[in-house]
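Structure file upload-v2.txt with compact mmCIF, C-alpha atoms:
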```txt
# COMPACT_ATOMS: atom_id res chain seq x y z
CA MET A 1 27.98 -6.76 -10.78
CA SER A 2 31.26 -4.93 -11.04
CA ASN A 3 30.07 -1.32 -11.08
CA SER A 4 28.25 -0.13 -7.98
CA LYS A 5 25.26 2.11 -8.67
CA LEU A 6 22.82 4.11 -6.56
CA LEU A 7 19.29 2.85 -7.12
CA PHE A 8 16.25 4.86 -6.07
CA ILE A 9 13.35 2.41 -5.72
CA THR A 10 9.82 3.45 -4.80
CA GLY A 11 7.94 1.01 -2.60
CA VAL A 12 10.55 -1.30 -1.06
CA SER A 13 8.41 -2.76 1.71
CA SER A 14 7.04 -5.63 -0.37
CA GLY A 15 6.80 -7.25 -3.78
CA PHE A 16 9.19 -6.47 -6.60
CA GLY A 17 10.55 -3.38 -4.84
CA GLN A 18 11.59 -5.40 -1.82
CA ALA A 19 13.07 -8.22 -3.91
CA LEU A 20 15.00 -5.81 -6.14
CA ALA A 21 16.33 -3.85 -3.17
CA GLN A 22 17.56 -7.05 -1.51
CA GLU A 23 19.25 -8.35 -4.66
CA ALA A 24 20.78 -4.96 -5.44
CA LEU A 25 22.24 -4.66 -1.95
CA ALA A 26 23.59 -8.21 -2.14
CA SER A 27 25.25 -7.28 -5.44
CA GLY A 28 27.06 -4.32 -3.89
CA HIS A 29 24.79 -1.50 -4.98
CA HIS A 30 23.49 1.30 -2.79
CA VAL A 31 19.72 1.61 -2.53
CA VAL A 32 17.48 4.47 -1.46
CA GLY A 33 14.03 3.04 -0.93
CA THR A 34 10.76 4.79 -0.24
CA VAL A 35 8.47 3.54 2.49
CA ARG A 36 5.35 4.90 4.13
CA SER A 37 6.11 4.52 7.83
CA GLU A 38 9.02 5.09 10.20
CA ARG A 39 8.91 1.46 11.23
CA ALA A 40 9.27 0.35 7.61
CA ARG A 41 12.15 2.77 7.12
CA GLN A 42 14.05 1.32 10.07
CA ALA A 43 13.39 -2.24 8.89
CA PHE A 44 14.69 -1.41 5.42
CA GLU A 45 17.87 0.26 6.66
CA GLU A 46 18.59 -2.73 8.89
CA LEU A 47 18.99 -4.85 5.76
CA ASP A 48 22.36 -3.16 5.17
CA PRO A 49 23.23 -0.19 7.42
CA ALA A 50 26.05 0.82 5.08
CA LYS A 51 24.17 0.77 1.78
CA ALA A 52 20.41 0.92 2.47
CA VAL A 53 18.79 4.32 3.00
CA GLY A 54 15.08 4.71 3.62
CA ARG A 55 12.99 7.77 2.88
CA LEU A 56 9.37 8.38 3.85
CA LEU A 57 7.33 9.14 0.74
CA ASP A 58 3.88 8.47 -0.61
CA VAL A 59 4.14 8.84 -4.39
CA THR A 60 0.74 10.53 -4.46
CA ASP A 61 2.06 13.33 -2.22
CA PHE A 62 3.05 15.26 -5.32
CA ASP A 63 4.15 18.37 -3.43
CA ALA A 64 6.75 16.38 -1.45
CA ILE A 65 8.43 14.48 -4.27
CA ASP A 66 10.76 17.20 -5.61
CA GLY A 67 12.12 17.92 -2.14
CA VAL A 68 12.79 14.27 -1.35
CA VAL A 69 14.65 13.73 -4.62
CA ALA A 70 16.70 16.92 -4.20
CA GLU A 71 17.63 15.87 -0.66
CA ILE A 72 18.78 12.44 -1.87
CA GLU A 73 20.92 14.00 -4.59
CA ALA A 74 22.44 16.45 -2.09
CA ASN A 75 22.99 14.17 0.90
CA VAL A 76 23.10 10.56 -0.33
CA GLY A 77 24.44 10.66 -3.86
CA ALA A 78 23.69 10.87 -7.55
CA ILE A 79 20.80 8.63 -8.56
CA ASP A 80 22.01 6.29 -11.29
CA VAL A 81 18.85 4.23 -11.61
CA LEU A 82 15.24 5.15 -10.82
CA VAL A 83 12.84 2.25 -10.37
CA ASN A 84 9.19 3.31 -10.31
CA ASN A 85 7.82 0.28 -8.53
CA ALA A 86 5.20 1.68 -6.15
CA GLY A 87 1.76 0.59 -7.26
CA TYR A 88 -1.16 -1.68 -6.56
CA GLY A 89 -3.92 -3.56 -8.34
CA HIS A 90 -7.60 -2.71 -8.47
CA GLU A 91 -10.07 -5.46 -9.28
CA GLY A 92 -13.67 -4.84 -10.18
CA ILE A 93 -16.11 -4.96 -13.07
CA MET A 94 -15.92 -1.54 -14.72
CA GLU A 95 -19.66 -0.85 -14.53
CA GLU A 96 -19.60 -1.60 -10.81
CA SER A 97 -16.40 0.29 -9.96
CA PRO A 98 -16.63 3.96 -8.86
CA ILE A 99 -14.73 6.57 -10.83
CA ALA A 100 -12.98 7.47 -7.56
CA GLU A 101 -11.31 4.06 -7.63
CA MET A 102 -10.01 4.77 -11.13
CA ARG A 103 -8.62 8.13 -10.05
CA ARG A 104 -6.79 6.51 -7.13
CA GLN A 105 -5.44 3.74 -9.38
CA PHE A 106 -4.03 6.26 -11.83
CA ASP A 107 -2.75 8.57 -9.08
CA VAL A 108 -0.53 5.79 -7.75
CA ASN A 109 0.34 3.76 -10.85
CA VAL A 110 0.66 6.57 -13.39
CA PHE A 111 0.79 10.07 -11.93
CA GLY A 112 3.01 8.98 -9.04
CA ALA A 113 5.51 7.35 -11.39
CA VAL A 114 5.50 10.36 -13.69
CA ALA A 115 5.94 12.82 -10.83
CA VAL A 116 8.94 10.94 -9.43
CA THR A 117 10.44 10.67 -12.92
CA LYS A 118 10.03 14.39 -13.53
CA ALA A 119 11.84 15.10 -10.24
CA VAL A 120 14.78 12.82 -11.08
CA LEU A 121 15.20 13.70 -14.77
CA PRO A 122 16.88 17.12 -14.39
CA PHE A 123 19.72 15.53 -12.42
CA MET A 124 20.16 12.65 -14.87
CA ARG A 125 19.97 15.01 -17.84
CA ALA A 126 22.63 17.28 -16.35
CA ARG A 127 24.93 14.26 -15.90
CA ARG A 128 24.02 12.87 -19.33
CA SER A 129 23.47 9.43 -17.84
CA GLY A 130 20.83 7.38 -16.11
CA HIS A 131 18.38 4.53 -16.37
CA ILE A 132 14.68 4.56 -15.53
CA LEU A 133 12.77 1.34 -14.95
CA ASN A 134 8.99 1.58 -14.85
CA ILE A 135 7.35 -1.53 -13.45
CA THR A 136 4.27 -2.05 -15.59
CA SER A 137 2.65 -5.46 -16.12
CA MET A 138 1.68 -7.94 -18.79
CA GLY A 139 -1.63 -6.17 -18.11
CA GLY A 140 -0.11 -3.28 -20.02
CA PHE A 141 -0.32 -5.46 -23.15
CA ILE A 142 -3.07 -8.01 -22.54
CA THR A 143 -6.38 -7.64 -20.76
CA MET A 144 -8.85 -9.76 -18.83
CA PRO A 145 -12.26 -9.09 -17.29
CA GLY A 146 -12.30 -7.36 -13.94
CA ILE A 147 -9.13 -5.27 -14.02
CA ALA A 148 -10.01 -2.47 -16.42
CA TYR A 149 -8.64 0.31 -14.23
CA TYR A 150 -5.42 -1.60 -13.52
CA CYS A 151 -4.82 -2.50 -17.16
CA GLY A 152 -5.64 1.05 -18.19
CA SER A 153 -3.01 2.40 -15.79
CA LYS A 154 -0.37 -0.03 -17.05
CA PHE A 155 -1.18 0.60 -20.72
CA ALA A 156 -0.71 4.30 -19.94
CA LEU A 157 2.63 3.74 -18.22
CA GLU A 158 3.85 1.56 -21.10
CA GLY A 159 3.06 4.33 -23.58
CA ILE A 160 4.57 7.06 -21.42
CA SER A 161 7.73 4.99 -20.95
CA GLU A 162 8.13 4.45 -24.68
CA VAL A 163 7.72 8.14 -25.50
CA LEU A 164 10.03 9.20 -22.67
CA GLY A 165 12.69 6.80 -23.92
CA LYS A 166 12.71 8.58 -27.27
CA GLU A 167 12.86 12.01 -25.63
CA VAL A 168 15.79 11.29 -23.32
CA LYS A 169 17.86 9.04 -25.59
CA PRO A 170 20.04 11.98 -26.73
CA PHE A 171 21.06 12.49 -23.09
CA ASN A 172 22.27 8.89 -22.66
CA ILE A 173 19.30 8.08 -20.41
CA HIS A 174 17.68 4.69 -20.91
CA VAL A 175 14.05 3.86 -20.16
CA THR A 176 12.86 0.28 -19.69
CA ALA A 177 9.24 -0.72 -19.14
CA VAL A 178 9.35 -3.96 -17.14
CA ALA A 179 6.20 -6.04 -17.62
CA PRO A 180 5.94 -8.98 -15.21
CA GLY A 181 3.47 -11.80 -15.54
CA SER A 182 2.09 -13.65 -12.50
CA PHE A 183 4.56 -13.64 -9.60
CA ARG A 184 4.41 -14.62 -5.96
CA THR A 185 3.91 -11.09 -4.65
CA ASP A 186 1.04 -9.54 -2.69
CA TRP A 187 -0.53 -8.14 -5.88
CA ALA A 188 -3.54 -10.46 -5.80
CA GLY A 189 -3.58 -10.63 -2.00
CA ARG A 190 -3.46 -7.91 0.60
CA SER A 191 -2.22 -5.29 -1.89
CA MET A 192 -5.26 -5.57 -4.14
CA SER A 193 -8.23 -3.25 -3.81
CA ARG A 194 -11.48 -5.06 -4.68
CA THR A 195 -14.74 -3.33 -5.50
CA PRO A 196 -17.73 -5.21 -4.03
CA ARG A 197 -20.01 -7.00 -6.47
CA SER A 198 -23.40 -5.38 -7.13
CA ILE A 199 -24.75 -6.39 -10.59
CA PRO A 200 -25.88 -10.03 -10.87
CA ASP A 201 -25.62 -10.05 -14.67
CA TYR A 202 -21.83 -10.31 -14.31
CA ASP A 203 -21.85 -13.18 -11.78
CA ALA A 204 -21.43 -16.09 -14.19
CA GLN A 205 -18.53 -14.45 -16.03
CA PHE A 206 -16.60 -12.78 -13.25
CA ASP A 207 -17.12 -14.68 -10.00
CA PRO A 208 -15.02 -17.67 -11.18
CA ILE A 209 -12.24 -15.28 -12.24
CA ARG A 210 -12.19 -13.51 -8.86
CA ASN A 211 -12.26 -16.82 -6.97
CA ALA A 212 -9.46 -18.33 -9.05
CA ARG A 213 -7.30 -15.23 -8.61
CA GLU A 214 -7.70 -15.34 -4.84
CA GLU A 215 -6.99 -19.09 -4.70
CA LYS A 216 -3.82 -18.80 -6.79
CA SER A 217 -2.40 -15.87 -4.83
CA GLY A 218 0.98 -16.87 -3.43
CA GLN A 219 1.24 -19.89 -5.72
CA GLN A 220 2.05 -18.15 -8.99
CA LEU A 221 4.84 -19.46 -11.20
CA GLY A 222 7.04 -16.37 -11.03
CA ASP A 223 9.80 -15.97 -8.42
CA PRO A 224 10.25 -12.30 -7.37
CA GLN A 225 13.96 -12.83 -6.56
CA LYS A 226 14.59 -14.13 -10.07
CA ALA A 227 12.68 -11.17 -11.46
CA ALA A 228 14.95 -8.89 -9.44
CA ARG A 229 18.05 -10.57 -10.89
CA ALA A 230 16.64 -10.13 -14.39
CA MET A 231 16.12 -6.41 -13.74
CA LEU A 232 19.68 -6.09 -12.46
CA ALA A 233 20.90 -7.74 -15.67
CA ALA A 234 18.99 -5.15 -17.69
CA ILE A 235 20.45 -2.36 -15.56
CA ALA A 236 23.95 -3.72 -16.14
CA SER A 237 23.52 -3.80 -19.92
CA ASP A 238 24.99 -1.08 -22.12
CA THR A 239 21.98 -1.53 -24.43
CA PRO A 240 19.01 -2.25 -22.16
CA PRO A 241 15.64 -3.11 -23.71
CA GLU A 242 12.80 -0.64 -24.06
CA HIS A 243 10.38 -3.40 -23.03
CA LEU A 244 11.23 -6.35 -20.81
CA LEU A 245 8.70 -9.11 -20.22
CA LEU A 246 9.24 -11.23 -17.13
CA GLY A 247 7.80 -14.73 -16.87
CA SER A 248 6.87 -17.41 -19.37
CA ASP A 249 3.17 -16.64 -18.93
CA ALA A 250 3.72 -13.02 -19.90
CA LEU A 251 5.74 -14.14 -22.91
CA GLU A 252 3.05 -16.55 -24.12
CA LEU A 253 0.09 -14.23 -23.51
CA VAL A 254 1.68 -11.16 -25.06
CA ARG A 255 2.82 -13.10 -28.12
CA ARG A 256 -0.72 -14.46 -28.50
CA LYS A 257 -2.16 -10.95 -28.21
CA LEU A 258 0.25 -9.51 -30.79
CA SER A 259 -0.44 -12.37 -33.18
CA ALA A 260 -4.20 -11.86 -32.87
CA LEU A 261 -3.75 -8.12 -33.40
CA ILE A 262 -1.75 -8.67 -36.59
CA ASP A 263 -4.45 -11.06 -37.85
CA GLU A 264 -7.22 -8.55 -37.12
CA ILE A 265 -5.31 -5.70 -38.80
CA SER A 266 -4.84 -7.86 -41.89
CA GLU A 267 -8.51 -8.91 -41.94
CA TRP A 268 -9.68 -5.29 -41.91
CA GLU A 269 -6.87 -3.87 -44.04
CA THR A 270 -9.09 -3.06 -47.03
CA LEU A 271 -11.48 -1.02 -44.93
CA THR A 272 -8.54 0.66 -43.16
CA ARG A 273 -7.02 1.73 -46.49
CA SER A 274 -10.39 2.92 -47.84
CA THR A 275 -10.26 6.06 -45.70
CA ASP A 276 -7.28 7.60 -47.54
CA GLY A 277 -8.10 10.69 -49.60
```
Written as structure tokens, that's how I'd like the structure from this file.
Amino acid sequence: MSNSKLLFITGVSSGFGQALAQEALASGHHVVGTVRSERARQAFEELDPAKAVGRLLDVTDFDAIDGVVAEIEANVGAIDVLVNNAGYGHEGIMEESPIAEMRRQFDVNVFGAVAVTKAVLPFMRARRSGHILNITSMGGFITMPGIAYYCGSKFALEGISEVLGKEVKPFNIHVTAVAPGSFRTDWAGRSMSRTPRSIPDYDAQFDPIRNAREEKSGQQLGDPQKAARAMLAAIASDTPPEHLLLGSDALELVRRKLSALIDEISEWETLTRSTDG
């Protein structure tokens, strides 16, 4: 890429954040990445001592976020691109899963992303330029048993991203919700929080799903490095998309969902229209 940018990426120790940081650095960009330990910070900066800068930040430490962003703007440089990548997956039948698990899922996947965005926006708005990428999921469009809290968080982030894009468009700030399908990251492995099973009625439906997900972890079709290159292509575009699906599985499943939704809307159209005054 010809124009070097400063990317601020949350969660660069693994998964999409790590892959995007590596590809961005290789393309000549500067990257500030958040990590959660001093050891991880040192490891990240060793990737490229001239262009990689690590900052300690947990995105659920809401009181710390504004200060970290202000320090980056003052001492590192103007943030051109914010990538809200930090997140994790929760798996568990909804009836079995404590509300506390839902709160934690939303704190990281939704409130953390929103808090970081709110800290960065005043600087982008003042410059009348910027690009925000929110890493959502195909689970922000389609659903499957056992990940209600995760899908709920990604549906929320998809909606927030779309509204935000409309609000900041007059300031030449772009917002892209990036929805990956199944990729070879740690999402279904060590990064996933799993609620223990407790209600036998769900065994026949859900146990095969949980087992298959664990067996396929690390063998998914999607390549994180290729996903990173796709995100860099969107960042480089003068007209980036509002929604970017990544992976042929995401494409097929989301298209199927939208087609089924259109069919259902049409089937119930008469009843829908009957409520007008």
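Atom CA of Ala113 of chain A is positioned 24.4 Å from atom CA of Leu251 of chain A.
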Could you work out how far atom CA of Asp238 of chain A lies from atom CA of Val175 of chain A, giving the answer in Å with one decimal?
-> 12.2 Å
Quick one: pull the distance between atom CA of Val59 of chain A and atom CA of Lys118 of chain A, Å, one decimal.
->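 Taking atom CA of Val59 of chain A and atom CA of Lys118 of chain A, their separation equals 12.2 Å.
Excluding segment 47-56 of chain A itself and any same-chain residue fewer than 5 positions from it, the protein and nucleic acid residues within 8 Å of it, counting all atoms listed in the file, are A:Gln22, A:Leu25, A:His29, A:His30, A:Val31, A:Val32, A:Gly33, A:Thr34, A:Val35, A:Arg36, A:Ser37, A:Glu38, A:Arg41, A:Gln42, A:Val68.
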Write out as JSON, numbers by chain which residues come within 12 Å of Asp80 of chain A when counting only C-alpha atoms, dropping same-chain ones fewer than 5 positions away.
-> {"A": [3, 4, 5, 6, 7, 8, 9, 29, 30, 31, 32, 72, 73, 120, 121, 123, 124, 125, 127, 128, 129, 130, 131, 132, 133, 172, 173, 174, 235, 236]}
Tell me which of A:Gly146, A:Pro224, A:Pro240, A:Gly17 sits closest to Ser182 of chain A, counting all atoms listed in the file.
->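 Closest candidate: A:Pro224.
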Hey, can I get the axis-aligned box for segment 244-258 of chain A? All listed atoms, 3 Å padding on each side, centre and edge lengths in Å to one decimal, as AutoDock Vina command-line options.
```
--center_x 4.5 --center_y -11.9 --center_z -23.8 --size_x 19.4 --size_y 17.1 --size_z 19.9
```
Which of A:Leu157, A:Leu164, A:Ile262, A:Val178 sits closest to Asp107 of chain A [using all atoms listed in the file] |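 Once distances to Asp107 of chain A are computed over all atoms listed in the file, the minimum belongs to A:Leu157.
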Between A:Leu82, A:Glu46, A:Leu271, A:Thr176, which one has atoms that come closest to Val163 of chain A, using all atoms listed in the file?
-> A:Thr176
Which residues of segment 64-173 of chain A come within 9 Å of segment 189-201 of chain A, and what is each one's closest atom pair and distance in Å (one decimal), counting all atoms listed in the file, sorted by chain and residue number, as a Markdown table?
```
| residue | atom | partner | partner_atom | distance |
| --- | --- | --- | --- | --- |
| A:Gly87 | CA | A:Ser191 | CA | 8.9 |
| A:Tyr88 | CA | A:Ser191 | CA | 6.0 |
| A:Gly89 | CA | A:Met192 | CA | 4.8 |
| A:His90 | CA | A:Ser193 | CA | 4.7 |
| A:Glu91 | CA | A:Arg194 | CA | 4.8 |
| A:Gly92 | CA | A:Thr195 | CA | 5.0 |
| A:Ile93 | CA | A:Thr195 | CA | 7.9 |
| A:Glu95 | CA | A:Ile199 | CA | 8.5 |
| A:Glu96 | CA | A:Ser198 | CA | 6.5 |
| A:Ser97 | CA | A:Thr195 | CA | 6.0 |
| A:Pro98 | CA | A:Thr195 | CA | 8.2 |
| A:Glu101 | CA | A:Thr195 | CA | 8.4 |
```
Using all atoms listed in the file: which of A:Ile142, A:Leu246, A:Ala26, A:Ala74 has the shortest distance to Leu258 of chain A |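 Going through A:Ile142, A:Leu246, A:Ala26, A:Ala74 one by one, the smallest distance to Leu258 of chain A is for A:Ile142.
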Could you give me, as a ChimeraX atom specification, the residues within 12 Å of Thr185 of chain A, counting only C-alpha atoms and dropping anything in the same chain fewer than 6 positions from it?
-> /A:13-19,88-89,191-192,216-225,227
Spatial neighbours of Gly140 of chain A, 10 Å, all atoms listed in the file, chain gap at least 3 places, as a VMD selection string = chain A and resid 136 to 137 143 150 to 159 177 to 180 254
Quick one: everything within 6 Å of Val108 of chain A, counting all atoms listed in the file, minus sequence neighbours fewer than 2 positions away in the same chain. Send it as an MDAnalysis selection string.
-> chainID A and resid 60 87 105:106 110 112
For the selection you just gave me, I'd like the residues written to a file as a PDB file, in the coordinates of the input, keeping C-alpha atoms.
```
ATOM      1  CA  THR A  60       0.740  10.530  -4.460  1.00  0.00           C
ATOM      2  CA  GLY A  87       1.760   0.590  -7.260  1.00  0.00           C
ATOM      3  CA  GLN A 105      -5.440   3.740  -9.380  1.00  0.00           C
ATOM      4  CA  PHE A 106      -4.030   6.260 -11.830  1.00  0.00           C
ATOM      5  CA  VAL A 110       0.660   6.570 -13.390  1.00  0.00           C
ATOM      6  CA  GLY A 112       3.010   8.980  -9.040  1.00  0.00           C
TER       7      GLY A 112
END
```
Which residue out of A:Met138, A:Val83, A:Ala24, A:Ala78 has the minimum interatomic distance to Ala250 of chain A when all atoms listed in the file are used?
->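 Ranked by minimum distance to Ala250 of chain A, first place goes to A:Met138.
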